[in-house]
>>> print(open('coords-v4.cif').read())   # mmCIF, C-alpha atoms
data_data
#
loop_
_atom_site.group_PDB
_atom_site.id
_atom_site.type_symbol
_atom_site.label_atom_id
_atom_site.label_comp_id
_atom_site.auth_asym_id
_atom_site.auth_seq_id
_atom_site.Cartn_x
_atom_site.Cartn_y
_atom_site.Cartn_z
ATOM 1 C CA MET A 1 -9.023 -3.235 -21.855
ATOM 2 C CA GLY A 2 -7.871 -0.150 -19.947
ATOM 3 C CA PHE A 3 -9.213 1.221 -16.691
ATOM 4 C CA GLU A 4 -11.337 3.919 -18.357
ATOM 5 C CA ARG A 5 -14.507 1.803 -18.349
ATOM 6 C CA GLU A 6 -14.290 1.128 -14.616
ATOM 7 C CA PHE A 7 -13.585 4.761 -13.813
ATOM 8 C CA SER A 8 -15.618 6.843 -16.241
ATOM 9 C CA SER A 9 -15.743 9.845 -13.903
ATOM 10 C CA ILE A 10 -14.480 11.118 -10.561
ATOM 11 C CA ASP A 11 -17.850 10.337 -8.997
ATOM 12 C CA ALA A 12 -17.575 6.786 -10.319
ATOM 13 C CA VAL A 13 -14.183 6.422 -8.614
ATOM 14 C CA GLN A 14 -15.635 7.537 -5.275
ATOM 15 C CA SER A 15 -18.658 5.316 -5.689
ATOM 16 C CA ARG A 16 -16.757 2.184 -6.657
ATOM 17 C CA LEU A 17 -14.119 2.631 -3.951
ATOM 18 C CA GLY A 18 -16.878 3.258 -1.424
ATOM 19 C CA ALA A 19 -18.546 0.003 -2.460
ATOM 20 C CA ALA A 20 -15.242 -1.741 -1.719
ATOM 21 C CA GLY A 21 -15.175 -0.197 1.770
ATOM 22 C CA TYR A 22 -12.682 2.571 0.978
ATOM 23 C CA VAL A 23 -13.958 6.068 1.777
ATOM 24 C CA CYS A 24 -11.987 8.775 -0.004
ATOM 25 C CA GLY A 25 -12.296 12.486 -0.604
ATOM 26 C CA ARG A 26 -12.741 14.110 -3.992
ATOM 27 C CA ALA A 27 -9.083 15.163 -4.256
ATOM 28 C CA LEU A 28 -7.859 11.563 -3.950
ATOM 29 C CA ALA A 29 -10.624 10.299 -6.250
ATOM 30 C CA THR A 30 -9.572 12.887 -8.839
ATOM 31 C CA VAL A 31 -5.931 11.806 -8.876
ATOM 32 C CA VAL A 32 -6.962 8.121 -9.116
ATOM 33 C CA PHE A 33 -9.235 8.986 -12.041
ATOM 34 C CA LEU A 34 -6.404 10.827 -13.799
ATOM 35 C CA ALA A 35 -3.911 8.016 -13.166
ATOM 36 C CA ALA A 36 -6.352 5.541 -14.742
ATOM 37 C CA ARG A 37 -7.261 7.840 -17.631
ATOM 38 C CA LEU A 38 -3.707 8.962 -18.480
ATOM 39 C CA GLY A 39 -1.887 5.714 -17.670
ATOM 40 C CA ARG A 40 0.378 7.472 -15.186
ATOM 41 C CA PRO A 41 1.771 5.940 -11.968
ATOM 42 C CA LEU A 42 0.233 7.332 -8.781
ATOM 43 C CA PHE A 43 2.615 8.273 -5.967
ATOM 44 C CA LEU A 44 0.994 8.403 -2.517
ATOM 45 C CA GLU A 45 2.840 9.846 0.455
ATOM 46 C CA GLY A 46 1.667 10.109 4.042
ATOM 47 C CA GLU A 47 2.049 8.806 7.553
ATOM 48 C CA ALA A 48 1.828 5.060 8.159
ATOM 49 C CA GLY A 49 -1.700 3.767 8.598
ATOM 50 C CA VAL A 50 -3.613 6.446 6.679
ATOM 51 C CA GLY A 51 -4.812 4.110 3.898
ATOM 52 C CA LYS A 52 -2.186 4.294 1.140
ATOM 53 C CA THR A 53 -1.816 0.541 0.748
ATOM 54 C CA GLU A 54 -5.535 -0.044 1.230
ATOM 55 C CA ILE A 55 -6.442 1.986 -1.837
ATOM 56 C CA ALA A 56 -4.577 -0.468 -4.072
ATOM 57 C CA LYS A 57 -6.473 -3.347 -2.449
ATOM 58 C CA ALA A 58 -9.764 -1.508 -2.942
ATOM 59 C CA LEU A 59 -8.959 -0.782 -6.588
ATOM 60 C CA SER A 60 -8.248 -4.461 -7.150
ATOM 61 C CA ALA A 61 -11.460 -5.506 -5.401
ATOM 62 C CA THR A 62 -13.692 -3.100 -7.280
ATOM 63 C CA THR A 63 -12.213 -3.742 -10.746
ATOM 64 C CA GLY A 64 -11.595 -7.482 -10.459
ATOM 65 C CA ARG A 65 -8.012 -6.893 -11.576
ATOM 66 C CA ARG A 66 -5.163 -8.847 -10.030
ATOM 67 C CA LEU A 67 -3.233 -7.064 -7.268
ATOM 68 C CA ILE A 68 0.546 -7.554 -7.517
ATOM 69 C CA ARG A 69 2.497 -6.216 -4.552
ATOM 70 C CA LEU A 70 6.189 -5.391 -4.437
ATOM 71 C CA GLN A 71 7.083 -4.845 -0.783
ATOM 72 C CA CYS A 72 10.185 -2.667 -0.696
ATOM 73 C CA TYR A 73 13.040 -3.072 1.759
ATOM 74 C CA GLU A 74 16.612 -1.897 2.209
ATOM 75 C CA GLY A 75 18.881 -3.601 -0.306
ATOM 76 C CA LEU A 76 16.131 -4.483 -2.785
ATOM 77 C CA ASP A 77 17.666 -4.743 -6.260
ATOM 78 C CA ALA A 78 16.357 -5.048 -9.790
ATOM 79 C CA ALA A 79 16.919 -8.806 -9.950
ATOM 80 C CA SER A 80 14.831 -9.448 -6.835
ATOM 81 C CA ALA A 81 12.047 -7.194 -8.118
ATOM 82 C CA VAL A 82 11.956 -8.469 -11.715
ATOM 83 C CA TYR A 83 13.008 -12.099 -12.062
ATOM 84 C CA GLU A 84 15.401 -14.860 -11.123
ATOM 85 C CA TRP A 85 16.262 -18.221 -12.595
ATOM 86 C CA ASN A 86 15.123 -21.429 -10.920
ATOM 87 C CA PHE A 87 18.617 -22.605 -10.030
ATOM 88 C CA ALA A 88 17.503 -25.846 -8.370
ATOM 89 C CA ALA A 89 15.462 -26.900 -11.413
ATOM 90 C CA GLN A 90 18.344 -25.952 -13.733
ATOM 91 C CA MET A 91 20.775 -28.149 -11.762
ATOM 92 C CA ILE A 92 18.368 -31.091 -11.948
ATOM 93 C CA ALA A 93 18.057 -30.591 -15.710
ATOM 94 C CA ILE A 94 21.848 -30.512 -16.083
ATOM 95 C CA ARG A 95 22.299 -33.717 -14.085
ATOM 96 C CA THR A 96 19.506 -35.411 -16.034
ATOM 97 C CA ALA A 97 21.166 -34.405 -19.306
ATOM 98 C CA GLU A 98 24.549 -35.715 -18.092
ATOM 99 C CA ALA A 99 23.029 -39.002 -16.979
ATOM 100 C CA SER A 100 21.315 -39.497 -20.351
ATOM 101 C CA GLY A 101 24.511 -38.697 -22.256
ATOM 102 C CA ALA A 102 23.190 -35.548 -23.928
ATOM 103 C CA THR A 103 26.064 -33.635 -25.568
ATOM 104 C CA ASP A 104 24.366 -30.730 -27.327
ATOM 105 C CA ARG A 105 25.459 -27.905 -25.002
ATOM 106 C CA LYS A 106 23.782 -25.141 -26.998
ATOM 107 C CA ALA A 107 20.424 -26.898 -26.921
ATOM 108 C CA LEU A 108 20.790 -27.526 -23.176
ATOM 109 C CA GLN A 109 21.715 -23.896 -22.542
ATOM 110 C CA ALA A 110 18.734 -22.688 -24.573
ATOM 111 C CA GLU A 111 16.468 -24.957 -22.536
ATOM 112 C CA LEU A 112 17.926 -23.888 -19.188
ATOM 113 C CA PHE A 113 17.379 -20.203 -19.925
ATOM 114 C CA SER A 114 13.885 -20.507 -21.344
ATOM 115 C CA LYS A 115 10.676 -19.273 -19.739
ATOM 116 C CA ASP A 116 10.164 -22.731 -18.216
ATOM 117 C CA TYR A 117 12.922 -21.968 -15.709
ATOM 118 C CA LEU A 118 12.096 -18.319 -15.172
ATOM 119 C CA ILE A 119 10.677 -17.198 -11.821
ATOM 120 C CA ALA A 120 8.780 -13.959 -12.397
ATOM 121 C CA ARG A 121 8.916 -11.435 -9.569
ATOM 122 C CA PRO A 122 6.331 -8.623 -9.115
ATOM 123 C CA LEU A 123 7.549 -6.192 -11.793
ATOM 124 C CA LEU A 124 7.736 -8.883 -14.453
ATOM 125 C CA GLN A 125 4.402 -10.393 -13.335
ATOM 126 C CA ALA A 126 2.766 -6.979 -13.809
ATOM 127 C CA MET A 127 3.975 -6.870 -17.413
ATOM 128 C CA MET A 128 2.677 -10.287 -18.414
ATOM 129 C CA PRO A 129 -0.642 -10.776 -20.268
ATOM 130 C CA ASP A 130 -3.630 -11.376 -18.005
ATOM 131 C CA GLU A 131 -7.116 -12.503 -19.051
ATOM 132 C CA ALA A 132 -8.681 -10.147 -16.474
ATOM 133 C CA GLY A 133 -6.817 -7.187 -17.967
ATOM 134 C CA ALA A 134 -3.863 -5.162 -16.792
ATOM 135 C CA PRO A 135 -3.232 -5.680 -13.060
ATOM 136 C CA ILE A 136 -2.842 -3.241 -10.178
ATOM 137 C CA LEU A 137 0.859 -2.979 -9.318
ATOM 138 C CA LEU A 138 1.493 -1.823 -5.751
ATOM 139 C CA ILE A 139 5.072 -0.729 -5.028
ATOM 140 C CA ASP A 140 4.796 -0.388 -1.267
ATOM 141 C CA GLU A 141 7.016 1.720 1.001
ATOM 142 C CA LEU A 142 9.387 2.857 -1.733
ATOM 143 C CA ASP A 143 11.237 5.036 0.785
ATOM 144 C CA ARG A 144 12.775 1.882 2.271
ATOM 145 C CA THR A 145 14.863 1.264 -0.875
ATOM 146 C CA ASP A 146 17.922 3.170 -2.104
ATOM 147 C CA GLU A 147 18.622 5.470 -5.065
ATOM 148 C CA PRO A 148 19.960 2.838 -7.525
ATOM 149 C CA PHE A 149 16.657 0.964 -7.318
ATOM 150 C CA GLU A 150 14.762 4.216 -7.824
ATOM 151 C CA ALA A 151 16.768 4.860 -10.988
ATOM 152 C CA PHE A 152 15.941 1.387 -12.317
ATOM 153 C CA LEU A 153 12.288 1.837 -11.423
ATOM 154 C CA LEU A 154 12.150 5.166 -13.251
ATOM 155 C CA GLU A 155 13.262 3.452 -16.467
ATOM 156 C CA ALA A 156 10.959 0.450 -16.009
ATOM 157 C CA LEU A 157 7.884 2.625 -15.387
ATOM 158 C CA SER A 158 8.664 4.921 -18.317
ATOM 159 C CA ASP A 159 8.280 2.198 -20.943
ATOM 160 C CA PHE A 160 6.623 -0.594 -18.933
ATOM 161 C CA GLN A 161 9.198 -3.032 -20.178
ATOM 162 C CA VAL A 162 12.132 -4.996 -18.753
ATOM 163 C CA THR A 163 15.122 -6.604 -20.401
ATOM 164 C CA ILE A 164 16.244 -10.129 -19.557
ATOM 165 C CA PRO A 165 19.627 -10.762 -21.225
ATOM 166 C CA GLU A 166 18.848 -14.409 -22.022
ATOM 167 C CA LEU A 167 15.345 -13.719 -23.386
ATOM 168 C CA GLY A 168 15.417 -10.140 -24.641
ATOM 169 C CA THR A 169 13.037 -7.270 -23.879
ATOM 170 C CA LEU A 170 9.585 -8.049 -22.528
ATOM 171 C CA LYS A 171 6.984 -5.286 -22.849
ATOM 172 C CA ALA A 172 3.602 -5.127 -21.155
ATOM 173 C CA PRO A 173 0.773 -5.575 -23.701
ATOM 174 C CA GLU A 174 -1.216 -3.163 -21.544
ATOM 175 C CA PRO A 175 0.313 -0.960 -18.818
ATOM 176 C CA PRO A 176 -0.694 -1.849 -15.258
ATOM 177 C CA LEU A 177 -2.150 0.758 -12.928
ATOM 178 C CA VAL A 178 0.822 1.538 -10.689
ATOM 179 C CA ILE A 179 0.452 2.731 -7.095
ATOM 180 C CA LEU A 180 3.647 3.735 -5.276
ATOM 181 C CA THR A 181 3.555 4.508 -1.563
ATOM 182 C CA SER A 182 5.985 6.178 0.815
ATOM 183 C CA ASN A 183 5.910 6.841 4.557
ATOM 184 C CA ARG A 184 8.447 9.608 3.931
ATOM 185 C CA THR A 185 11.180 8.173 6.116
ATOM 186 C CA ARG A 186 13.438 9.685 3.442
ATOM 187 C CA GLU A 187 12.873 11.825 0.364
ATOM 188 C CA VAL A 188 12.255 10.019 -2.908
ATOM 189 C CA HIS A 189 14.157 11.444 -5.870
ATOM 190 C CA ASP A 190 12.420 14.221 -7.810
ATOM 191 C CA ALA A 191 12.917 12.438 -11.154
ATOM 192 C CA LEU A 192 10.712 9.559 -10.039
ATOM 193 C CA LYS A 193 8.114 11.865 -8.514
ATOM 194 C CA ARG A 194 7.889 13.850 -11.758
ATOM 195 C CA ARG A 195 7.050 10.637 -13.611
ATOM 196 C CA CYS A 196 4.020 10.161 -11.344
ATOM 197 C CA LEU A 197 0.868 11.911 -10.311
ATOM 198 C CA TYR A 198 1.226 12.864 -6.644
ATOM 199 C CA HIS A 199 -1.092 12.964 -3.653
ATOM 200 C CA TRP A 200 -0.445 13.471 0.052
ATOM 201 C CA VAL A 201 -2.731 11.202 2.088
ATOM 202 C CA ASP A 202 -3.365 13.022 5.362
ATOM 203 C CA TYR A 203 -5.178 12.041 8.512
ATOM 204 C CA PRO A 204 -8.917 12.417 7.864
ATOM 205 C CA ASP A 205 -11.101 14.916 9.692
ATOM 206 C CA PHE A 206 -13.689 13.728 12.207
ATOM 207 C CA ASP A 207 -16.576 13.243 9.764
ATOM 208 C CA ARG A 208 -14.533 11.313 7.212
ATOM 209 C CA GLU A 209 -12.854 9.119 9.821
ATOM 210 C CA LEU A 210 -16.248 8.336 11.328
ATOM 211 C CA GLU A 211 -17.510 7.405 7.862
ATOM 212 C CA ILE A 212 -14.476 5.153 7.347
ATOM 213 C CA LEU A 213 -14.980 3.478 10.708
ATOM 214 C CA GLN A 214 -18.669 2.872 10.055
ATOM 215 C CA ALA A 215 -17.808 1.344 6.678
ATOM 216 C CA ARG A 216 -15.077 -0.927 8.076
ATOM 217 C CA VAL A 217 -16.630 -1.775 11.468
ATOM 218 C CA PRO A 218 -20.386 -1.547 10.877
ATOM 219 C CA GLU A 219 -21.092 -3.675 13.976
ATOM 220 C CA ALA A 220 -19.959 -0.859 16.296
ATOM 221 C CA ALA A 221 -22.744 1.273 17.773
ATOM 222 C CA GLU A 222 -22.779 4.868 16.579
ATOM 223 C CA THR A 223 -22.167 6.238 20.094
ATOM 224 C CA LEU A 224 -19.045 4.111 20.550
ATOM 225 C CA SER A 225 -17.803 4.882 17.022
ATOM 226 C CA ARG A 226 -18.127 8.604 17.637
ATOM 227 C CA GLU A 227 -16.274 8.351 20.959
ATOM 228 C CA VAL A 228 -13.503 6.279 19.401
ATOM 229 C CA VAL A 229 -12.976 8.724 16.536
ATOM 230 C CA ALA A 230 -13.147 11.766 18.833
ATOM 231 C CA PHE A 231 -10.580 10.253 21.208
ATOM 232 C CA VAL A 232 -8.180 9.299 18.400
ATOM 233 C CA GLN A 233 -8.536 12.756 16.853
ATOM 234 C CA THR A 234 -7.721 14.299 20.248
ATOM 235 C CA LEU A 235 -4.810 11.912 20.720
ATOM 236 C CA ARG A 236 -3.263 13.053 17.434
ATOM 237 C CA THR A 237 -2.938 16.594 18.827
ATOM 238 C CA GLU A 238 -0.561 15.305 21.517
ATOM 239 C CA ASP A 239 3.225 15.190 21.246
ATOM 240 C CA LEU A 240 3.640 11.513 20.406
ATOM 241 C CA PHE A 241 6.477 9.607 18.780
ATOM 242 C CA LYS A 242 3.986 7.868 16.459
ATOM 243 C CA LYS A 243 0.466 9.181 16.101
ATOM 244 C CA PRO A 244 -2.237 6.571 15.477
ATOM 245 C CA GLY A 245 -3.427 6.197 11.905
ATOM 246 C CA VAL A 246 -6.813 5.183 10.589
ATOM 247 C CA ALA A 247 -5.687 1.561 10.685
ATOM 248 C CA GLU A 248 -5.221 1.865 14.447
ATOM 249 C CA THR A 249 -8.660 3.459 14.813
ATOM 250 C CA ILE A 250 -10.201 0.439 13.076
ATOM 251 C CA ASP A 251 -8.129 -2.031 15.104
ATOM 252 C CA TRP A 252 -9.117 -0.337 18.354
ATOM 253 C CA ALA A 253 -12.810 -0.382 17.498
ATOM 254 C CA ASN A 254 -12.587 -4.110 16.763
ATOM 255 C CA CYS A 255 -10.831 -4.688 20.091
ATOM 256 C CA LEU A 256 -13.519 -2.756 21.954
ATOM 257 C CA LEU A 257 -16.217 -4.796 20.228
ATOM 258 C CA ALA A 258 -14.478 -8.015 21.247
ATOM 259 C CA LEU A 259 -14.537 -6.782 24.862
ATOM 260 C CA ASP A 260 -18.238 -5.837 24.618
ATOM 261 C CA VAL A 261 -17.412 -2.210 25.438
ATOM 262 C CA VAL A 262 -20.402 0.111 25.132
ATOM 263 C CA THR A 263 -18.753 3.418 26.005
ATOM 264 C CA LEU A 264 -15.198 4.606 26.617
ATOM 265 C CA SER A 265 -13.792 5.019 30.102
ATOM 266 C CA PRO A 266 -10.266 5.784 31.364
ATOM 267 C CA GLU A 267 -9.960 2.173 32.543
ATOM 268 C CA VAL A 268 -10.946 0.742 29.155
ATOM 269 C CA ILE A 269 -8.524 3.088 27.410
ATOM 270 C CA ALA A 270 -5.670 2.078 29.722
ATOM 271 C CA ASP A 271 -6.363 -1.624 29.075
ATOM 272 C CA THR A 272 -6.436 -1.308 25.282
ATOM 273 C CA LEU A 273 -3.744 1.278 24.539
ATOM 274 C CA GLY A 274 -1.684 -1.335 22.704
ATOM 275 C CA ALA A 275 -4.228 -1.270 19.881
ATOM 276 C CA ILE A 276 -3.681 2.414 19.101
ATOM 277 C CA LEU A 277 -0.149 3.200 20.313
ATOM 278 C CA LYS A 278 2.876 1.120 19.361
ATOM 279 C CA TYR A 279 5.663 2.687 21.418
ATOM 280 C CA GLN A 280 6.092 2.324 25.165
ATOM 281 C CA ASP A 281 7.028 5.984 25.650
ATOM 282 C CA ASP A 282 3.730 7.026 24.057
ATOM 283 C CA ILE A 283 1.758 4.522 26.129
ATOM 284 C CA ALA A 284 3.439 5.733 29.328
ATOM 285 C CA LYS A 285 2.231 9.269 28.652
ATOM 286 C CA LEU A 286 -1.401 8.156 28.836
ATOM 287 C CA HIS A 287 -1.297 6.384 32.152
ATOM 288 C CA GLY A 288 -2.997 7.877 35.176
ATOM 289 C CA SER A 289 -5.039 11.045 34.831
ATOM 290 C CA GLU A 290 -3.826 11.828 31.299
ATOM 291 C CA ALA A 291 -6.223 9.334 29.695
ATOM 292 C CA LYS A 292 -9.137 10.866 31.615
ATOM 293 C CA ARG A 293 -8.119 14.373 30.531
ATOM 294 C CA LEU A 294 -8.040 13.384 26.865
ATOM 295 C CA LEU A 295 -11.312 11.487 27.142
ATOM 296 C CA ASP A 296 -13.008 14.474 28.796
ATOM 297 C CA GLN A 297 -11.687 16.721 26.037
ATOM 298 C CA ALA A 298 -12.896 14.313 23.336
ATOM 299 C CA LYS A 299 -16.382 14.119 24.881
ATOM 300 C CA ALA A 300 -16.505 17.906 25.171
ATOM 301 C CA ASP A 301 -15.642 18.197 21.479
ATOM 302 C CA LEU A 302 -18.419 15.714 20.690
ATOM 303 C CA ALA A 303 -20.935 17.676 22.739
ATOM 304 C CA ALA A 304 -19.994 20.842 20.856
ATOM 305 C CA ARG A 305 -20.771 19.277 17.472
#
>>> encode(input="coords-v4.cif", output="structure tokens")
Amino acid sequence: MGFEREFSSIDAVQSRLGAAGYVCGRALATVVFLAARLGRPLFLEGEAGVGKTEIAKALSATTGRRLIRLQCYEGLDAASAVYEWNFAAQMIAIRTAEASGATDRKALQAELFSKDYLIARPLLQAMMPDEAGAPILLIDELDRTDEPFEAFLLEALSDFQVTIPELGTLKAPEPPLVILTSNRTREVHDALKRRCLYHWVDYPDFDRELEILQARVPEAAETLSREVVAFVQTLRTEDLFKKPGVAETIDWANCLLALDVVTLSPEVIADTLGAILKYQDDIAKLHGSEAKRLLDQAKADLAAR
């Protein structure tokens, strides 16, 4: 069964993601709907912490489909992403055969390179039959890999099949819904982008970020939530090495709740900066009167709403 029944319309996408705690705009809901309807991979680019990975988790939660995650890193190759043989189990089988006096080498070789000794990695897992239906395949932070892996991925996603020399070609009975993400630390090749539907996930505006925060941290009082979002929005206008994402907004709100904070103050901000800023140079900029200036500006913006 494809994804069409879960996502019968763009409004249904927004509604179902919202029920899973993921608040998205119509543009993102539209591209998710099209990816599900057309069976095309969805390529999401944007700054770290804006919700690219979370959408795959939300899609899995709302559809009941399995989420398979391939975390990319420098040096990732096709073998690590697709499969490997269980070498330890193969060696035990060889020694057992030698001890028992087995002499049929062809039969032993066929056994050693059967599916019983195959360790499926994310790409192969995503192409295997699943009772719950085709899974969600998340290929996370693709920009961390190199061009040879991109070329392999382009071929694998074109036909949703992989070739294992000892077993032959394995093809997915039903294509998974593929989500690729990139923090844009480098440009991903155009050929791969053309294979996908594309969406840039930007920082949300005040109203949407407030809606996200209320969905993810419903325990926070509305006054505190509004102050938190206004301050983070103001902070993003500053010249920082790494601007806080929505993930940091949520983390900060949870930290403030744990400290029983009712309203923001320069002292509270100074004590909890590690929840929203992750570089010392950025944190140093907010010490002293700078935190008060930004807080005053954020509260003025709130008063003007």
>>> residues_around(input="coords-v4.cif", residues="region 84-86 of chain A", least_positions_apart="4", cutoff="6 Å", atoms="all atoms listed in the file", output="MDAnalysis selection string")
chainID A and resid 117:119
>>> closest_residue(input="coords-v4.cif", among="A:Gln14, A:Ser114, A:Ser225, A:Thr163", to="Ala253 (chain A)", atoms="only C-alpha atoms")
A:Ser225
>>> resolve_selection(input="coords-v4.cif", expression="the PyMOL selection byres ((chain A and resi 78) around 9)", output="list in words")
Leu76, Asp77, Ala79, Ser80, Ala81, Val82, Tyr83, Pro148, Phe149, Phe152 and Leu153 of chain A
>>> residues_near_point(input="coords-v4.cif", point="(-20.7, -1.9, 0.9)", cutoff="12 Å", atoms="all atoms listed in the file", output="list in words")
Ser15, Arg16, Leu17, Gly18, Ala19, Ala20, Gly21, Tyr22, Val23, Ala58, Ala61, Thr62, Ile212, Gln214, Ala215, Arg216, Val217 and Pro218 of chain A
>>> resolve_selection(input="coords-v4.cif", expression="the PyMOL selection byres ((chain A and resi 233) around 12)", output="VMD selection string")
chain A and resid 203 to 210 226 to 232 234 to 238 243 to 246 248 to 249 276 294 to 295 297 to 299 301 to 302
>>> residues_near_point(input="coords-v4.cif", point="(13.9, -1.5, -17.4)", cutoff="10 Å", atoms="all atoms listed in the file", output="VMD selection string")
chain A and resid 78 82 123 151 to 164 169 to 171
>>> write_last_selection(input="coords-v4.cif", atoms="C-alpha atoms", output="PDB file, keeping the file's coordinate frame")
ATOM      1  CA  ALA A  78      16.357  -5.048  -9.790  1.00  0.00           C
ATOM      2  CA  VAL A  82      11.956  -8.469 -11.715  1.00  0.00           C
ATOM      3  CA  LEU A 123       7.549  -6.192 -11.793  1.00  0.00           C
ATOM      4  CA  ALA A 151      16.768   4.860 -10.988  1.00  0.00           C
ATOM      5  CA  PHE A 152      15.941   1.387 -12.317  1.00  0.00           C
ATOM      6  CA  LEU A 153      12.288   1.837 -11.423  1.00  0.00           C
ATOM      7  CA  LEU A 154      12.150   5.166 -13.251  1.00  0.00           C
ATOM      8  CA  GLU A 155      13.262   3.452 -16.467  1.00  0.00           C
ATOM      9  CA  ALA A 156      10.959   0.450 -16.009  1.00  0.00           C
ATOM     10  CA  LEU A 157       7.884   2.625 -15.387  1.00  0.00           C
ATOM     11  CA  SER A 158       8.664   4.921 -18.317  1.00  0.00           C
ATOM     12  CA  ASP A 159       8.280   2.198 -20.943  1.00  0.00           C
ATOM     13  CA  PHE A 160       6.623  -0.594 -18.933  1.00  0.00           C
ATOM     14  CA  GLN A 161       9.198  -3.032 -20.178  1.00  0.00           C
ATOM     15  CA  VAL A 162      12.132  -4.996 -18.753  1.00  0.00           C
ATOM     16  CA  THR A 163      15.122  -6.604 -20.401  1.00  0.00           C
ATOM     17  CA  ILE A 164      16.244 -10.129 -19.557  1.00  0.00           C
ATOM     18  CA  THR A 169      13.037  -7.270 -23.879  1.00  0.00           C
ATOM     19  CA  LEU A 170       9.585  -8.049 -22.528  1.00  0.00           C
ATOM     20  CA  LYS A 171       6.984  -5.286 -22.849  1.00  0.00           C
TER      21      LYS A 171
END
>>> closest_residue(input="coords-v4.cif", among="A:Leu167, A:Ile139, A:Ala132, A:Cys72", to="Asp116 (chain A)", atoms="all atoms listed in the file")
A:Leu167
>>> closest_residue(input="coords-v4.cif", among="A:Val268, A:Arg194, A:Ala291, A:Leu259", to="Arg40 (chain A)", atoms="all atoms listed in the file")
A:Arg194
>>> atom_distance(input="coords-v4.cif", atom1="CA of Arg69 (chain A)", atom2="CA of Cys24 (chain A)")
21.3 Å
>>> closest_residue(input="coords-v4.cif", among="A:Val31, A:Ala107, A:Leu137, A:Ile10", to="Ser60 (chain A)", atoms="all atoms listed in the file")
A:Leu137
>>> resolve_selection(input="coords-v4.cif", expression="the PyMOL selection byres ((chain A and resi 283) around 12)", output="ChimeraX atom specification")
/A:235,238-244,269-282,284-288,290-291
>>> closest_residue(input="coords-v4.cif", among="A:Glu150, A:Glu174, A:Leu59, A:Ser265", to="Ala191 (chain A)", atoms="all atoms listed in the file")
A:Glu150
